[in-house]
Amino acid sequence: MSIWTTGGRMKGVRFGCSEGQARTLAAYRRGESDLIHRDGLWLLTATCDVPDVDVTEPDAFLGVDLGIANIATTSDGERHTGVHLNAVRRRNRRLRRRLQAKRTTSAKRLLKKRRRKESRFARDVNHVISKSIVTEAARTGRGIALEDLQGIRDRVRLRKPQRITLHSWAFHQLGAFIAYKARRSGVVVTHVDPAYTSQGCSACGHTDRRNRPDQETFSCTSCGFAEHADVNAARNIAARGEAGRAAVNQPNAA
Ligand SMILES: [Zn+2]
């Protein structure tokens, strides 16, 4: 690339990006790019205008349940754990407490750097998870059903130390990443009401708080169906996605 500087034009400046980014840049770059200096790194941001792919109307949906221990669990039973991410957050929280006690300028600068590093890490994790989910939905010709995230903070009740790790922006970011990757692949995304998805039985529909003896276990008191609690919830989300979509596509619905 070449850059205009106060000292004139610099030509043939090397930059690094992924193969996919290079393809997107070559085909769809529009307008100007911005050069940003952050935490000692020079970052180039370019606007790309990627056309939407034609959407295929799915018969079935891949349901996705969001949580803390498992960031995302699919109705196929695939769990994306947040173990590593939560460990990074715990470590940073300890460091933050120590640095905040110091109140010096350099401590503040280090804090800021840490915060950014943590959000970059969460962003990477969200990219990996969203890619895996969208790829699987596209490969199997399904749509994606997600929980409507309004009020996730109220819904997820946790003990205090865990509550701090609940960053609702990270969930919204994951939802946004899934949405834009899905649009590029022609995959439909639908949002469903998440009420009682964790207490309802995905096999018989029986809803009872006692179906959920602990955080990880779902065991239906009516039909005996047992499954990991997050997988059961994801199956309910998939079913709601299918039901909601069928209602929308009724010829007289509009
Ligand atoms: Zn049941």
# chains A, B, ... in the order shown; residues from 1 in each chain; ligands from 1
call {"tool": "residues_around", "arguments": {"residues": "stretch 203-214 of chain A", "least_positions_apart": "6", "cutoff": "10 Å", "atoms": "only C-alpha atoms", "output": "list in words"}}
result
Tyr196, Thr197, Cys220, Thr221, Ser222, Cys223, Gly224, Phe225, Ala226, His228, Ala229, Asn232, Arg235 and Asn236 of chain A
call {"tool": "write_last_selection", "arguments": {"atoms": "C-alpha atoms", "output": "PDB file, in the first residue's frame"}}
result
ATOM      1  CA  TYR A 196     -38.480 -20.973  29.731  1.00  0.00           C
ATOM      2  CA  THR A 197     -36.163 -22.454  27.072  1.00  0.00           C
ATOM      3  CA  CYS A 220     -37.545 -34.263  32.431  1.00  0.00           C
ATOM      4  CA  THR A 221     -39.772 -35.145  35.420  1.00  0.00           C
ATOM      5  CA  SER A 222     -42.548 -36.149  32.992  1.00  0.00           C
ATOM      6  CA  CYS A 223     -41.007 -38.247  30.173  1.00  0.00           C
ATOM      7  CA  GLY A 224     -37.538 -38.946  31.556  1.00  0.00           C
ATOM      8  CA  PHE A 225     -35.642 -37.292  28.670  1.00  0.00           C
ATOM      9  CA  ALA A 226     -32.139 -36.304  29.828  1.00  0.00           C
ATOM     10  CA  HIS A 228     -26.986 -31.425  28.863  1.00  0.00           C
ATOM     11  CA  ALA A 229     -29.059 -28.417  30.018  1.00  0.00           C
ATOM     12  CA  ASN A 232     -31.808 -29.020  25.646  1.00  0.00           C
ATOM     13  CA  ARG A 235     -33.126 -27.611  20.897  1.00  0.00           C
ATOM     14  CA  ASN A 236     -36.046 -25.564  22.267  1.00  0.00           C
TER      15      ASN A 236
END
call {"tool": "residues_around", "arguments": {"residues": "A:Phe15", "least_positions_apart": "6", "cutoff": "10 Å", "atoms": "only C-alpha atoms", "output": "PyMOL selection string"}}
result
chain A and resi 1+42-44
call {"tool": "residues_around", "arguments": {"residues": "stretch 138-147 of chain A", "least_positions_apart": "3", "cutoff": "10 Å", "atoms": "only C-alpha atoms", "output": "number ranges by chain"}}
result
A: 55-66, 74-75, 133-135, 150, 152, 175, 178-179, 182, 185-195, 197, 234-242, 244-245
call {"tool": "residues_around", "arguments": {"residues": "A:Gly31", "least_positions_apart": "6", "cutoff": "12 Å", "atoms": "only C-alpha atoms", "output": "ChimeraX atom specification"}}
result
/A:25,45-49
call {"tool": "select_by_dssp", "arguments": {"residues": "stretch 57-98 of chain A", "states": "alpha helix (DSSP H)", "output": "MDAnalysis selection string"}}
result
chainID A and resid 83:98
call {"tool": "write_last_selection", "arguments": {"atoms": "C-alpha atoms", "output": "mmCIF file, in the first residue's frame"}}
result
data_model
loop_
_atom_site.group_PDB
_atom_site.id
_atom_site.type_symbol
_atom_site.label_atom_id
_atom_site.label_comp_id
_atom_site.auth_asym_id
_atom_site.auth_seq_id
_atom_site.Cartn_x
_atom_site.Cartn_y
_atom_site.Cartn_z
ATOM 1 C CA VAL A 83 -13.074 -21.579 29.960
ATOM 2 C CA HIS A 84 -10.093 -19.791 28.437
ATOM 3 C CA LEU A 85 -11.910 -16.474 28.066
ATOM 4 C CA ASN A 86 -13.177 -16.562 31.646
ATOM 5 C CA ALA A 87 -9.656 -17.347 32.918
ATOM 6 C CA VAL A 88 -8.282 -14.293 31.083
ATOM 7 C CA ARG A 89 -11.030 -12.137 32.585
ATOM 8 C CA ARG A 90 -10.391 -13.400 36.109
ATOM 9 C CA ARG A 91 -6.659 -12.735 35.753
ATOM 10 C CA ASN A 92 -7.293 -9.226 34.441
ATOM 11 C CA ARG A 93 -9.763 -8.501 37.225
ATOM 12 C CA ARG A 94 -7.153 -9.369 39.859
ATOM 13 C CA LEU A 95 -4.572 -7.210 38.107
ATOM 14 C CA ARG A 96 -7.067 -4.345 37.809
ATOM 15 C CA ARG A 97 -7.717 -4.379 41.541
ATOM 16 C CA ARG A 98 -3.993 -4.169 42.267
#
call {"tool": "closest_residue", "arguments": {"among": "A:Ala243, A:Gly16, A:Glu32, A:Glu227", "to": "ligand 1", "atoms": "only C-alpha atoms and all ligand atoms"}}
result
A:Glu227
call {"tool": "residues_around", "arguments": {"residues": "A:Pro51", "least_positions_apart": "4", "cutoff": "10 Å", "atoms": "only C-alpha atoms", "output": "MDAnalysis selection string"}}
result
chainID A and resid 28 183:184
call {"tool": "write_last_selection", "arguments": {"atoms": "N, CA, C and O atoms", "output": "mmCIF file, in the first residue's frame"}}
result
data_model
loop_
_atom_site.group_PDB
_atom_site.id
_atom_site.type_symbol
_atom_site.label_atom_id
_atom_site.label_comp_id
_atom_site.auth_asym_id
_atom_site.auth_seq_id
_atom_site.Cartn_x
_atom_site.Cartn_y
_atom_site.Cartn_z
ATOM 1 N N TYR A 28 -13.762 -6.013 -3.049
ATOM 2 C CA TYR A 28 -14.868 -5.146 -2.608
ATOM 3 C C TYR A 28 -14.470 -3.848 -1.914
ATOM 4 O O TYR A 28 -15.313 -3.180 -1.341
ATOM 5 N N ARG A 183 -25.463 -13.480 6.570
ATOM 6 C CA ARG A 183 -25.907 -12.715 5.394
ATOM 7 C C ARG A 183 -25.015 -13.010 4.199
ATOM 8 O O ARG A 183 -25.483 -13.163 3.080
ATOM 9 N N ARG A 184 -23.705 -13.118 4.465
ATOM 10 C CA ARG A 184 -22.759 -13.401 3.385
ATOM 11 C C ARG A 184 -22.941 -14.790 2.816
ATOM 12 O O ARG A 184 -22.589 -15.055 1.669
#
call {"tool": "select_by_dssp", "arguments": {"residues": "stretch 3-128 of chain A", "states": "strand (DSSP E)", "output": "count of residues only"}}
result
38
call {"tool": "closest_residue", "arguments": {"among": "A:Lys102, A:Lys181, A:Arg123, A:Lys112", "to": "A:Glu136", "atoms": "only C-alpha atoms"}}
result
A:Lys181
